[in-house]
Amino acid sequence: MTSPYPHAPVPPPRPGQATTACILSFVGSSLALIGLTVMVFALSNDDFAEQISEGAGASAASDTFVTIMTWLSVVGIVLAIASLVVTSMLMRGGSVARILFTVVAGLGIASSLTFFPVGLLWAGLCVTGIVLVWQRPVTEWIGAANSSSTYR
């Protein structure tokens with residue numbers, strides 16, 4: 001069978017570093033999205049909110065503590081959604097996507113540390129993703145993918 005576009009350029013293969021970074025980002029962002037959504041709904045339960053406030057030593061100002069935890073969870077949800085969007089852009093080889101990926105992952109590191117020690121997993125995934133997307137094979141792949149307007 002012949003191709004209807006015989007002179008169409010073939011996209012360069014995605015390097016393993018980019019694929020690994022995208023998979024880690026999708027998995028980490030999905031887990032964060034699920035976990036933080038559960039946290040927001042759980043904090044709306046008075047019994048759970050009281051127990052978590054007492055466990056954190058914030059019994060005197062439990063309403064304030066629950067409000068802060070709810071807002072931090074909402075910010076984390078927004079970051080997880082942004083990470084999923086940026087990761088899907090990165091999978092296509094977008095040059096701007098790598099910079100956005102780095103910014104969102106950096107914000108993810110900062111926000112994940114508020115959920116210590118569970119947040120260390122997210123922070124580790126963010127650091128790993130940043131390191132992987134700035135390696136030479138990924139740089140060459142993004143350059144090749146963006147050399148033609150076909151892949152933008």
# chains A, B, ... in the order shown; residues from 1 in each chain; ligands from 1
>>> residues_around(residues="A:Leu36", least_positions_apart="3", cutoff="9 Å", atoms="only C-alpha atoms", output="list in words")
Leu31, Ala32, Leu33, Met39, Val40, Phe41, Ser73, Val74, Gly76 and Ile77 of chain A
>>> residues_around(residues="stretch 133-140 of chain A", least_positions_apart="5", cutoff="9 Å", atoms="only C-alpha atoms", output="list in words")
Arg14, Pro15, Gly16, Gln17, Ala18, Ala21, Cys22, Gly93, Ser95, Arg98, Phe101, Thr102, Thr128 and Ala145 of chain A
>>> write_last_selection(atoms="N, CA and C atoms", output="mmCIF file, in the first residue's frame")
data_model
loop_
_atom_site.group_PDB
_atom_site.id
_atom_site.type_symbol
_atom_site.label_atom_id
_atom_site.label_comp_id
_atom_site.auth_asym_id
_atom_site.auth_seq_id
_atom_site.Cartn_x
_atom_site.Cartn_y
_atom_site.Cartn_z
ATOM 1 N N ARG A 14 10.973 9.030 19.807
ATOM 2 C CA ARG A 14 11.112 9.652 21.123
ATOM 3 C C ARG A 14 12.150 8.871 21.925
ATOM 4 N N PRO A 15 13.126 9.563 22.521
ATOM 5 C CA PRO A 15 14.136 8.859 23.314
ATOM 6 C C PRO A 15 13.538 8.295 24.600
ATOM 7 N N GLY A 16 14.202 7.294 25.136
ATOM 8 C CA GLY A 16 13.729 6.640 26.350
ATOM 9 C C GLY A 16 13.630 7.576 27.538
ATOM 10 N N GLN A 17 14.514 8.565 27.609
ATOM 11 C CA GLN A 17 14.472 9.509 28.726
ATOM 12 C C GLN A 17 13.163 10.305 28.727
ATOM 13 N N ALA A 18 12.741 10.729 27.557
ATOM 14 C CA ALA A 18 11.499 11.496 27.459
ATOM 15 C C ALA A 18 10.295 10.611 27.773
ATOM 16 N N ALA A 21 10.253 10.000 31.563
ATOM 17 C CA ALA A 21 9.803 11.201 32.272
ATOM 18 C C ALA A 21 8.295 11.381 32.135
ATOM 19 N N CYS A 22 7.761 11.137 30.942
ATOM 20 C CA CYS A 22 6.323 11.283 30.718
ATOM 21 C C CYS A 22 5.527 10.237 31.493
ATOM 22 N N GLY A 93 6.732 16.398 21.737
ATOM 23 C CA GLY A 93 8.003 17.015 21.397
ATOM 24 C C GLY A 93 7.996 18.526 21.350
ATOM 25 N N SER A 95 8.802 22.228 22.220
ATOM 26 C CA SER A 95 9.946 22.864 22.872
ATOM 27 C C SER A 95 9.518 23.685 24.081
ATOM 28 N N ARG A 98 8.786 21.525 27.400
ATOM 29 C CA ARG A 98 9.860 21.131 28.307
ATOM 30 C C ARG A 98 10.094 22.207 29.362
ATOM 31 N N PHE A 101 7.119 22.055 31.641
ATOM 32 C CA PHE A 101 7.262 20.851 32.463
ATOM 33 C C PHE A 101 8.188 21.130 33.646
ATOM 34 N N THR A 102 9.291 21.807 33.379
ATOM 35 C CA THR A 102 10.248 22.126 34.428
ATOM 36 C C THR A 102 9.633 23.073 35.466
ATOM 37 N N THR A 128 13.303 13.670 39.258
ATOM 38 C CA THR A 128 13.696 12.702 38.225
ATOM 39 C C THR A 128 13.227 13.156 36.844
ATOM 40 N N ALA A 145 12.212 17.374 16.201
ATOM 41 C CA ALA A 145 10.749 17.380 16.083
ATOM 42 C C ALA A 145 10.229 18.773 15.746
#
>>> atom_distance(atom1="atom CA of A:Leu90", atom2="atom CA of A:Val38")
27.8 Å
>>> closest_residue(among="A:Pro12, A:Met91, A:Ala80, A:Val86", to="A:Ser147", atoms="only C-alpha atoms")
A:Pro12
>>> atom_distance(atom1="atom CA of A:Ala82", atom2="atom CA of A:Asn146")
22.3 Å
>>> residues_around(residues="A:Val127", least_positions_apart="2", cutoff="10 Å", atoms="only C-alpha atoms", output="PyMOL selection string")
chain A and resi 21+102+105-106+108-109+122-125+129-132
>>> write_last_selection(atoms="C-alpha atoms", output="PDB file, in the first residue's frame")
ATOM      1  CA  ALA A  21       9.803  11.201  32.272  1.00  0.00           C
ATOM      2  CA  THR A 102      10.248  22.126  34.428  1.00  0.00           C
ATOM      3  CA  ALA A 105       7.593  20.150  38.320  1.00  0.00           C
ATOM      4  CA  GLY A 106       9.446  22.808  40.326  1.00  0.00           C
ATOM      5  CA  GLY A 108       5.218  20.450  42.399  1.00  0.00           C
ATOM      6  CA  ILE A 109       8.376  19.971  44.448  1.00  0.00           C
ATOM      7  CA  TRP A 122       6.030  13.302  44.421  1.00  0.00           C
ATOM      8  CA  ALA A 123       9.114  15.471  44.915  1.00  0.00           C
ATOM      9  CA  GLY A 124      11.351  12.569  43.856  1.00  0.00           C
ATOM     10  CA  LEU A 125       9.279  12.003  40.718  1.00  0.00           C
ATOM     11  CA  GLY A 129      11.473  14.108  35.480  1.00  0.00           C
ATOM     12  CA  ILE A 130      13.373  17.394  35.370  1.00  0.00           C
ATOM     13  CA  VAL A 131      16.713  15.602  35.121  1.00  0.00           C
ATOM     14  CA  LEU A 132      15.450  13.300  32.359  1.00  0.00           C
TER      15      LEU A 132
END
>>> select_by_dssp(residues="chain A", states="alpha helix (DSSP H)", output="PyMOL selection string")
chain A and resi 16-43+46-55+62-91+95-112+119-133+136-146
>>> closest_residue(among="A:Leu107, A:Val118, A:Ala97, A:Leu84", to="A:Gly35", atoms="only C-alpha atoms")
A:Val118
>>> closest_residue(among="A:Val85, A:Ile99, A:Ala110, A:Leu72", to="A:Thr37", atoms="only C-alpha atoms")
A:Leu72
>>> atom_distance(atom1="atom CA of A:Val104", atom2="atom CA of A:Leu43")
25.5 Å
